[in-house]
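Heads up: the structure comes next, in structure tokens.
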Amino acid sequence: MQDMGRPEEGVRLDRALVFEPDLLLLDEPLGALDKNLREQMQIEIKRIQKTLGVTTIFVTHDQSEAMSMSDRIVVFSDGVIEQAGKPLDIYHRPNSRFVADFIGESNLLPARIIDPASRLVESPVLGKCIFTGVDGVNYERDQEIALVLRPEHLRLSREPLEGRSNARMVVETIVNYGDNALVIGRAGEATIRVRVYGADVVILQEGDECSFSWLEDDIYIVAQ
């Protein structure tokens, strides 16, 4: 293993692999590392795992680490499996409110089902909209549910955008990360988070009123 700045990390992994195990268990191995070194070690561990072909169970509380390193994720809550599946399936199709909130960022908005057959719901924040639901789950009229909208699926604009569903919000906070920004706003009683990339964030300032918009396929629902 190459020197990643913390040679003891590599030595410990080398010692575990020298016996050619059928199963490798890594329990929070990168938790004490800083961000840059942790990312380097993630790449190195993935390279070694693929080279050797050893089945690896990687225990972590870091959601981004689980998403970036796994072929399959198992999400636990209080010792109970909430959901298991491929990383992108869990991210885009969470089975529960817990998973939607725990894996990545989510806007979770209260709503009720108006017509299950046509997949129509009504939200105090978004109004009437079409939803995608958990496979195999039957929904009932007037059932209380939560809408899941990922921040990166939303777009911000001064005025409503054609071809997309729109609602209004007031910008309260802009957190700038350099290559992207998290815009946090207020729509009625709800907090809305929008992930903005590139130079688009400069069109808005804290205190501005604007539109946020989404596409039909961007809305997913889970039990309230």
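Going through the structure tokens in order, the chains are called A, B, and so on, while each chain numbers its residues from 1 and the ligands are numbered from 1 in the order shown.
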For His61 in chain A, find every residue with an atom within 9 Å (counting only C-alpha atoms), except residues of its own chain fewer than 5 positions away, and show them as number ranges by chain. A: 28, 31, 66
I need the residues from that last selection saved to file as a PDB file, in the first residue's frame (with C-alpha atoms), if you can.
```pdb
ATOM      1  CA  GLU A  28     -15.142   2.896  11.148  1.00  0.00           C
ATOM      2  CA  GLY A  31     -13.303   8.050  11.258  1.00  0.00           C
ATOM      3  CA  ALA A  66     -21.234   4.670   2.383  1.00  0.00           C
TER       4      ALA A  66
END
```
Find the residues around Gly53 in chain A up to 12 Å (only C-alpha atoms counted), leave out those fewer than 3 positions away in its own chain, and share them as a compact mmCIF listing (two decimals) with N, CA and C atoms, in the first residue's frame.
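Everything below was put into part.txt:
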```txt
# COMPACT_ATOMS: atom_id res chain seq x y z
N LEU A 17 -4.89 -8.40 5.49
CA LEU A 17 -5.02 -9.06 4.18
C LEU A 17 -3.98 -10.15 3.94
N GLU A 20 -5.18 -13.64 3.58
CA GLU A 20 -6.13 -13.89 2.49
C GLU A 20 -7.50 -14.30 3.03
N PRO A 21 -8.16 -13.41 3.79
CA PRO A 21 -9.46 -13.75 4.39
C PRO A 21 -10.55 -13.81 3.32
N ASP A 22 -11.60 -14.60 3.60
CA ASP A 22 -12.77 -14.65 2.73
C ASP A 22 -13.66 -13.44 2.94
N LEU A 23 -13.59 -12.86 4.14
CA LEU A 23 -14.43 -11.72 4.50
C LEU A 23 -13.58 -10.72 5.28
N LEU A 24 -13.67 -9.45 4.89
CA LEU A 24 -12.92 -8.39 5.57
C LEU A 24 -13.92 -7.44 6.23
N ILE A 45 -8.65 1.95 -0.54
CA ILE A 45 -9.35 0.75 -0.05
C ILE A 45 -10.19 0.14 -1.17
N LYS A 46 -10.87 0.98 -1.96
CA LYS A 46 -11.65 0.47 -3.08
C LYS A 46 -10.75 -0.23 -4.10
N ARG A 47 -9.58 0.35 -4.35
CA ARG A 47 -8.66 -0.24 -5.31
C ARG A 47 -8.19 -1.62 -4.83
N ILE A 48 -7.82 -1.70 -3.56
CA ILE A 48 -7.34 -2.96 -3.00
C ILE A 48 -8.45 -4.00 -3.01
N GLN A 49 -9.64 -3.59 -2.61
CA GLN A 49 -10.77 -4.52 -2.54
C GLN A 49 -11.08 -5.10 -3.92
N LYS A 50 -11.07 -4.25 -4.94
CA LYS A 50 -11.37 -4.73 -6.29
C LYS A 50 -10.25 -5.62 -6.82
N THR A 56 -16.17 -7.31 1.45
CA THR A 56 -15.83 -6.38 2.54
C THR A 56 -17.09 -5.79 3.14
```
Using only C-alpha atoms for the distances, tell me which of A:Leu154, A:Val194, A:Asn36, A:Val222 is nearest to Asn138 in chain A. A:Val222
Run DSSP on the backbone and tell me which residues of range 23-211 of chain A come out as strand (DSSP E or B); list them as JSON, numbers by chain. {"A": [23, 24, 25, 26, 27, 55, 56, 57, 58, 59, 73, 74, 75, 76, 77, 80, 81, 82, 83, 84, 85, 107, 108, 109, 110, 111, 112, 113, 114, 115, 120, 121, 122, 123, 127, 128, 129, 130, 132, 144, 145, 146, 147, 148, 149, 155, 156, 157, 165, 166, 167, 168, 169, 170, 171, 172, 173, 174, 175, 176, 180, 181, 182, 183, 184, 185, 186, 187, 190, 191, 192, 193, 194, 195, 196, 197, 209, 210, 211]}
Residue nearest Ala100 in chain A - candidates A:Ser118, A:Asn166, A:Gln224, A:Gln40, atoms counted: only C-alpha atoms: A:Gln224
I'd like the contact shell of Ile192 in chain A - 12 Å cut-off, only C-alpha atoms, skipping same-chain residues fewer than 2 positions apart - returned as JSON, numbers by chain. {"A": [105, 106, 107, 108, 109, 125, 126, 148, 149, 150, 151, 152, 153, 154, 155, 156, 167, 168, 169, 170, 171, 172, 173, 174, 182, 183, 184, 185, 186, 187, 188, 189, 190, 194, 195, 210, 211, 212, 213]}
Enumerate, as a list of chain:residue names, the complete set of residues in range 94-206 of chain A that a backbone-based DSSP assignment places in helix (DSSP H, G or I). A:Arg97, A:Phe98, A:Val99, A:Ala100, A:Asp101, A:Phe102, A:Pro151, A:Glu152, A:His153, A:Gly198, A:Ala199, A:Asp200, A:Val201, A:Val202, A:Ile203
If you count only C-alpha atoms, which residues fall within 12 Å of range 95-99 of chain A, apart from same-chain ones fewer than 6 positions away, as an MDAnalysis selection string? chainID A and resid 63 73:78 80:85 87 89 105:110 132:137 145:149 220:224
Can those selected residues be exported to a file as a tab-separated table (two decimals), in the first residue's frame so that it contains N, CA and C atoms?
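Now in part.tsv:
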```tsv
chain	number	residue	atom	x	y	z
A	63	GLN	N	-22.60	9.05	5.73
A	63	GLN	CA	-23.45	8.67	4.61
A	63	GLN	C	-22.74	8.80	3.26
A	73	ILE	N	-25.77	-1.14	0.28
A	73	ILE	CA	-25.85	-0.48	1.58
A	73	ILE	C	-26.97	-1.11	2.40
A	74	VAL	N	-26.72	-1.30	3.67
A	74	VAL	CA	-27.75	-1.71	4.62
A	74	VAL	C	-27.87	-0.60	5.67
A	75	VAL	N	-29.03	0.01	5.76
A	75	VAL	CA	-29.27	1.11	6.70
A	75	VAL	C	-29.96	0.56	7.94
A	76	PHE	N	-29.33	0.77	9.10
A	76	PHE	CA	-29.88	0.31	10.37
A	76	PHE	C	-30.41	1.50	11.17
A	77	SER	N	-31.46	1.26	11.95
A	77	SER	CA	-31.96	2.21	12.93
A	77	SER	C	-32.36	1.44	14.18
A	78	ASP	N	-31.69	1.74	15.28
A	78	ASP	CA	-31.96	1.03	16.55
A	78	ASP	C	-31.86	-0.48	16.39
A	80	VAL	N	-32.43	-2.29	13.80
A	80	VAL	CA	-33.38	-2.84	12.83
A	80	VAL	C	-33.01	-2.37	11.43
A	81	ILE	N	-33.05	-3.29	10.46
A	81	ILE	CA	-32.76	-2.91	9.07
A	81	ILE	C	-33.92	-2.09	8.51
A	82	GLU	N	-33.63	-0.85	8.14
A	82	GLU	CA	-34.63	0.02	7.52
A	82	GLU	C	-34.73	-0.23	6.02
A	83	GLN	N	-33.57	-0.44	5.39
A	83	GLN	CA	-33.57	-0.66	3.94
A	83	GLN	C	-32.21	-1.21	3.54
A	84	ALA	N	-32.22	-2.07	2.52
A	84	ALA	CA	-30.99	-2.59	1.95
A	84	ALA	C	-31.10	-2.54	0.43
A	85	GLY	N	-30.03	-2.17	-0.23
A	85	GLY	CA	-30.06	-2.11	-1.68
A	85	GLY	C	-28.86	-1.38	-2.24
A	87	PRO	N	-26.66	1.69	-3.63
A	87	PRO	CA	-26.61	3.06	-3.11
A	87	PRO	C	-27.57	4.03	-3.79
A	89	ASP	N	-30.26	3.36	-5.54
A	89	ASP	CA	-31.64	2.96	-5.30
A	89	ASP	C	-32.12	3.48	-3.95
A	105	GLU	N	-29.23	14.77	1.83
A	105	GLU	CA	-30.11	15.85	2.26
A	105	GLU	C	-31.48	15.69	1.61
A	106	SER	N	-32.52	16.02	2.35
A	106	SER	CA	-33.87	15.93	1.80
A	106	SER	C	-34.72	17.08	2.31
A	107	ASN	N	-35.61	17.54	1.45
A	107	ASN	CA	-36.74	18.36	1.89
A	107	ASN	C	-37.90	17.39	2.13
A	108	LEU	N	-38.36	17.31	3.37
A	108	LEU	CA	-39.47	16.43	3.74
A	108	LEU	C	-40.67	17.31	4.08
A	109	LEU	N	-41.69	17.27	3.21
A	109	LEU	CA	-42.81	18.19	3.31
A	109	LEU	C	-44.11	17.42	3.54
A	110	PRO	N	-44.93	17.85	4.50
A	110	PRO	CA	-46.19	17.15	4.77
A	110	PRO	C	-47.16	17.29	3.60
A	132	THR	N	-44.21	9.73	-6.92
A	132	THR	CA	-43.74	8.35	-7.08
A	132	THR	C	-43.65	7.76	-5.69
A	133	GLY	N	-44.14	6.53	-5.50
A	133	GLY	CA	-44.17	5.93	-4.18
A	133	GLY	C	-43.32	4.68	-4.08
A	134	VAL	N	-43.24	4.15	-2.87
A	134	VAL	CA	-42.48	2.92	-2.62
A	134	VAL	C	-43.15	1.76	-3.35
A	135	ASP	N	-42.37	0.96	-4.08
A	135	ASP	CA	-42.91	-0.18	-4.82
A	135	ASP	C	-43.60	-1.16	-3.88
A	136	GLY	N	-44.78	-1.64	-4.30
A	136	GLY	CA	-45.49	-2.65	-3.52
A	136	GLY	C	-46.32	-2.12	-2.38
A	137	VAL	N	-46.33	-0.81	-2.18
A	137	VAL	CA	-47.11	-0.21	-1.10
A	137	VAL	C	-48.41	0.36	-1.66
A	145	ILE	N	-48.84	11.70	4.29
A	145	ILE	CA	-47.53	11.22	3.87
A	145	ILE	C	-46.54	12.39	3.89
A	146	ALA	N	-45.29	12.11	3.57
A	146	ALA	CA	-44.27	13.15	3.44
A	146	ALA	C	-43.71	13.12	2.03
A	147	LEU	N	-43.59	14.28	1.42
A	147	LEU	CA	-42.97	14.40	0.11
A	147	LEU	C	-41.46	14.52	0.28
A	148	VAL	N	-40.72	13.79	-0.54
A	148	VAL	CA	-39.26	13.84	-0.51
A	148	VAL	C	-38.78	14.57	-1.76
A	149	LEU	N	-38.07	15.68	-1.56
A	149	LEU	CA	-37.48	16.43	-2.66
A	149	LEU	C	-36.01	16.67	-2.34
A	220	TYR	N	-40.95	12.13	-4.52
A	220	TYR	CA	-41.10	10.78	-4.01
A	220	TYR	C	-41.81	10.89	-2.67
A	221	ILE	N	-42.61	9.88	-2.31
A	221	ILE	CA	-43.32	9.97	-1.03
A	221	ILE	C	-42.96	8.80	-0.12
A	222	VAL	N	-42.98	9.09	1.18
A	222	VAL	CA	-42.79	8.07	2.21
A	222	VAL	C	-43.85	8.29	3.29
A	223	ALA	N	-44.05	7.29	4.13
A	223	ALA	CA	-45.04	7.41	5.20
A	223	ALA	C	-44.66	8.55	6.13
A	224	GLN	N	-45.65	9.27	6.59
A	224	GLN	CA	-45.42	10.43	7.47
A	224	GLN	C	-45.00	9.99	8.85
```
Give me the residues near Asp142 in chain A as a ChimeraX atom specification, where near means some atom within 8 Å (using only C-alpha atoms) and where sequence neighbours in that chain fewer than 5 positions away do not count. /A:112-114
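Near Arg119 in chain A, within 6 Å and counting only C-alpha atoms, sit Asp115, Pro116, Ile130 and Phe131 of chain A; same-chain residues fewer than 3 positions away were not included.
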